[in-house]
Amino acid sequence: MACADLSKGVQASCTSIKKIGGLDKRIYIGLLDDLASATFGGVGLNSVTALTFKSGKGLVQYIGRKDKNNAGVEIERGENVTLRNQSVNLLVYYSDATELGTLDALIDTEGLFAIVETNAGSLEVYGLAKSASFNNFGLVASGSGNSGTVMQDSTAFNLALTGGVPNMQLYYNPTADLPTNIAALDALSIDPAPAEV
Amino acid sequence: MAKSKNYRFKNEFKDAIIVLPQLKKEVTAKTLTDEDAELIIKKFPQVAHNIEKIEDEQEEPKAKRETKKGDEK
């Protein structure tokens, strides 16, 4: 039985050649178990067009600093399945007990997904499998942080959200423009950013 | 071939895949059943915009025929 299908290639466009790197300082994080539904793009499309949450649930926003966050995928070949190990790395800047408590709670949470805004202008979803069983997957937290030794040292916590997913990251609603999508994600947020950020 | 007699995916969303994780259910234009459509409309109204009732279109020609009959009289 033939399981392979090769019918398309990827040809570099002007947009992809000139696509700039890096992520925005804001990252949306959600819990897969809190999702009531997800609408994915069709076969062959790595996209999710809509997310809905159970009542009272939603996204939270982690806002750090410019040029400090990144996200990536590493392929890990397996006996039956080749995993796309996805990671979102962010610096969390905290200064009080509530913020540290919030970070502490996130560290113990499994089945996370994260939506990042690239400097190139797209929104990409990490930790979300394009599958009916997507809540079997997701990201978990790890990382490290310390006080620094001298005054100029960083005091932020290096948070890494990582997990194996059977597909690459997904574009979030790629047919809509960025402001529309950000407004939609802000509307799904239960812990929105302060107005001045 | 669609399984639903009364509902279908709207043309602009015909490739969409709706996943309902609590039910471990994946709904596409090909697998949509009447039960799926009614469940989505009732329990998941935020994704109900992907589907539409078919009978709206069928009623229109019927109404036109009735008007013609009336004209003949």
# chains A, B, ... in the order shown; residues from 1 in each chain; ligands from 1
>>> closest_atom_pairs(of="chain A", to="chain B", cutoff="8 Å", atoms="only C-alpha atoms", output="tab-separated table")
residue	atom	partner	partner_atom	distance
A:Leu35	CA	B:Pro21	CA	7.5
A:Ala36	CA	B:Leu20	CA	6.3
A:Ser37	CA	B:Leu20	CA	4.7
A:Ala38	CA	B:Val19	CA	5.2
A:Thr39	CA	B:Ile18	CA	4.3
A:Phe40	CA	B:Ile17	CA	4.9
A:Gly41	CA	B:Ala16	CA	5.0
A:Gly42	CA	B:Asp15	CA	4.4
A:Val43	CA	B:Asp15	CA	7.4
A:Ala50	CA	B:Val47	CA	7.9
A:Thr52	CA	B:Gln46	CA	6.9
A:Ser131	CA	B:Val19	CA	7.4
A:Ala132	CA	B:Lys24	CA	5.3
A:Ser133	CA	B:Lys24	CA	5.9
A:Phe134	CA	B:Pro21	CA	7.0
A:Asn135	CA	B:Pro21	CA	6.8
>>> select_by_dssp(residues="region 10-128 of chain A", states="alpha helix (DSSP H)", output="ChimeraX atom specification")
/A:14-17,97-107
>>> select_by_dssp(residues="region 32-146 of chain A", states="strand (DSSP E)", output="PyMOL selection string")
chain A and resi 35-40+47-53+59-63+70-76+83-92+112-118+123-126+140-145
>>> write_last_selection(atoms="C-alpha atoms", output="compact mmCIF listing (two decimals), in the first residue's frame")
# COMPACT_ATOMS: atom_id res chain seq x y z
CA LEU A 35 -10.99 24.92 23.55
CA ALA A 36 -14.58 24.15 22.62
CA SER A 37 -13.78 23.95 18.90
CA ALA A 38 -11.12 24.62 16.32
CA THR A 39 -11.71 25.16 12.61
CA PHE A 40 -8.77 24.15 10.46
CA SER A 47 -3.86 26.85 9.03
CA VAL A 48 -6.43 27.28 11.75
CA THR A 49 -9.17 29.73 10.84
CA ALA A 50 -11.04 29.98 14.14
CA LEU A 51 -10.81 28.98 17.78
CA THR A 52 -13.62 29.03 20.31
CA PHE A 53 -13.28 28.53 24.05
CA LEU A 59 -6.20 33.15 26.01
CA VAL A 60 -3.76 34.90 28.33
CA GLN A 61 -1.14 37.33 27.12
CA TYR A 62 2.54 37.31 28.01
CA ILE A 63 4.16 40.57 27.01
CA ASN A 70 11.56 33.17 19.31
CA ALA A 71 9.77 30.05 18.14
CA GLY A 72 10.90 27.04 16.17
CA VAL A 73 10.43 23.48 14.98
CA GLU A 74 12.83 20.54 14.99
CA ILE A 75 12.07 17.29 13.24
CA GLU A 76 12.45 14.06 15.17
CA LEU A 83 7.34 14.45 15.15
CA ARG A 84 7.72 18.18 14.67
CA ASN A 85 9.07 19.24 18.04
CA GLN A 86 7.80 22.76 18.47
CA SER A 87 9.13 25.36 20.87
CA VAL A 88 8.25 28.90 21.89
CA ASN A 89 10.90 30.68 23.94
CA LEU A 90 10.09 33.88 25.75
CA LEU A 91 11.57 36.05 28.44
CA VAL A 92 9.13 36.70 31.28
CA LEU A 112 -0.55 24.48 26.22
CA PHE A 113 -0.56 26.17 22.84
CA ALA A 114 0.90 29.54 21.92
CA ILE A 115 0.15 32.08 19.21
CA VAL A 116 3.04 34.30 18.19
CA GLU A 117 3.07 37.34 15.95
CA THR A 118 6.05 37.35 13.61
CA LEU A 123 0.31 34.92 13.38
CA GLU A 124 1.53 31.36 13.94
CA VAL A 125 0.13 28.75 16.29
CA TYR A 126 2.50 26.37 18.09
CA VAL A 140 4.79 22.07 28.42
CA ALA A 141 6.94 24.62 30.19
CA SER A 142 10.57 24.44 31.17
CA GLY A 143 13.30 27.02 31.54
CA SER A 144 15.51 28.84 34.00
CA GLY A 145 15.97 32.19 35.63
>>> atom_distance(atom1="CA of Tyr171 (chain A)", atom2="CA of Leu45 (chain A)")
8.9 Å
>>> closest_residue(among="A:Arg26, A:Lys57, A:Lys18, A:Lys8", to="Leu188 (chain A)", atoms="only C-alpha atoms")
A:Lys57
>>> atom_distance(atom1="CA of Leu170 (chain A)", atom2="CA of Pro194 (chain A)")
27.3 Å
